[in-house]
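In what follows, a single structure is set out as structure tokens and then discussed.
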Amino acid sequence: AEAVAYVDPLNDKLLTAILVPADQMPDAAAIDAAKKAYAEELARIEGWFTHDYVAGPHLSGADFTLYPYLAFLGRVDQRKPGYDLKAMLPPKTAAWMKRIEALPYFAGTIPPHWKS
């Protein structure tokens with residue numbers, strides 16, 4: 001619920017500010033404000049990692065819920081270089097994402113259009 005209530009709206013604000021129609025320029029002030037708010041939430045999330053996974057020492061639905069929201073940061077970095085969104089990830093959160101990505105079934109969950 002926390003990912004949906006807090007991270008999803010931040011994703012929406014940030015992605016809406018960056019991914020504008022081709023005939024428009026992104027609003028740098030809106031992007032900076034969205035990145036600042038997102039970084040604050042990521043700092044709060046960083047405190048969740050007292051073990052390897054969001055809710056403790058074992059994978060849970062919390063991991064599978066939060067991961068896709070944060071994965072969008074890397075997707076935007078791929079599609080719109082220069083915003084360095086993944087660089088906002090604090091160390092424990094970034095390490096957690098790598099643990100999720102190392103799961104044996106992870107590769108099968110990536111949408112085909114994200115692989116290009």
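Naming works like this for the structure tokens: A, B, ... for the chains as they're shown, residue 1 at the start of each chain, ligands 1 onward in shown order.
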
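Neighbouring residues of segment 34-37 of chain A at 8 Å or closer, counting only C-alpha atoms and skipping chain neighbours under 3 positions away, are Leu10, Lys13, Leu14, Ala17, Ala30, Ile31, Glu40, Glu41 and Leu85 of chain A.
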
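Every protein, DNA or RNA residue with an atom at most 10 Å from segment 97-110 of chain A, where only C-alpha atoms count and chain neighbours fewer than 6 positions away do not, is listed here: A:Asp52, A:Tyr53, A:Leu59, A:Asp63, A:Phe64, A:Leu66, A:Tyr67, A:Pro68, A:Leu70, A:Ala71, A:Leu89, A:Pro91.
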
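Candidate residues A:Gln24, A:Ile45, A:Ala5, A:Leu19 were compared for distance to Lys92 of chain A, and the nearest is A:Ile45, using only C-alpha atoms.
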
Go through A:Pro9, A:Ser60, A:Val4, A:Lys115 one by one, measure the shortest atom-to-atom distance of each to Gln78 of chain A using only C-alpha atoms, and give the residue with the smallest value. A:Lys115

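Around Pro90 of chain A, within 9 Å and counting only C-alpha atoms, the residues found are Ala39, Leu42, Ala43, Ile45 and Glu46 of chain A, once anything fewer than 6 positions away on its own chain is removed.
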
Could you state the separation of atom CA of Asn11 of chain A and atom CA of Met25 of chain A in Å, given to one decimal place? 18.8 Å

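Between Ala62 of chain A and the residues A:Phe49, A:Gly82, A:Ala29, A:Gly74, the shortest atom-to-atom distance, using only C-alpha atoms, involves A:Phe49.
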
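Shortest separation to Ala87 of chain A among A:Tyr38, A:Asp27, A:Gly61, A:Ala33 occurs at residue A:Tyr38, atoms counted being only C-alpha atoms.
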
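Atom pair atom CA of Asp23 of chain A / atom CA of Val7 of chain A has a distance of 28.2 Å (rounded to one decimal).
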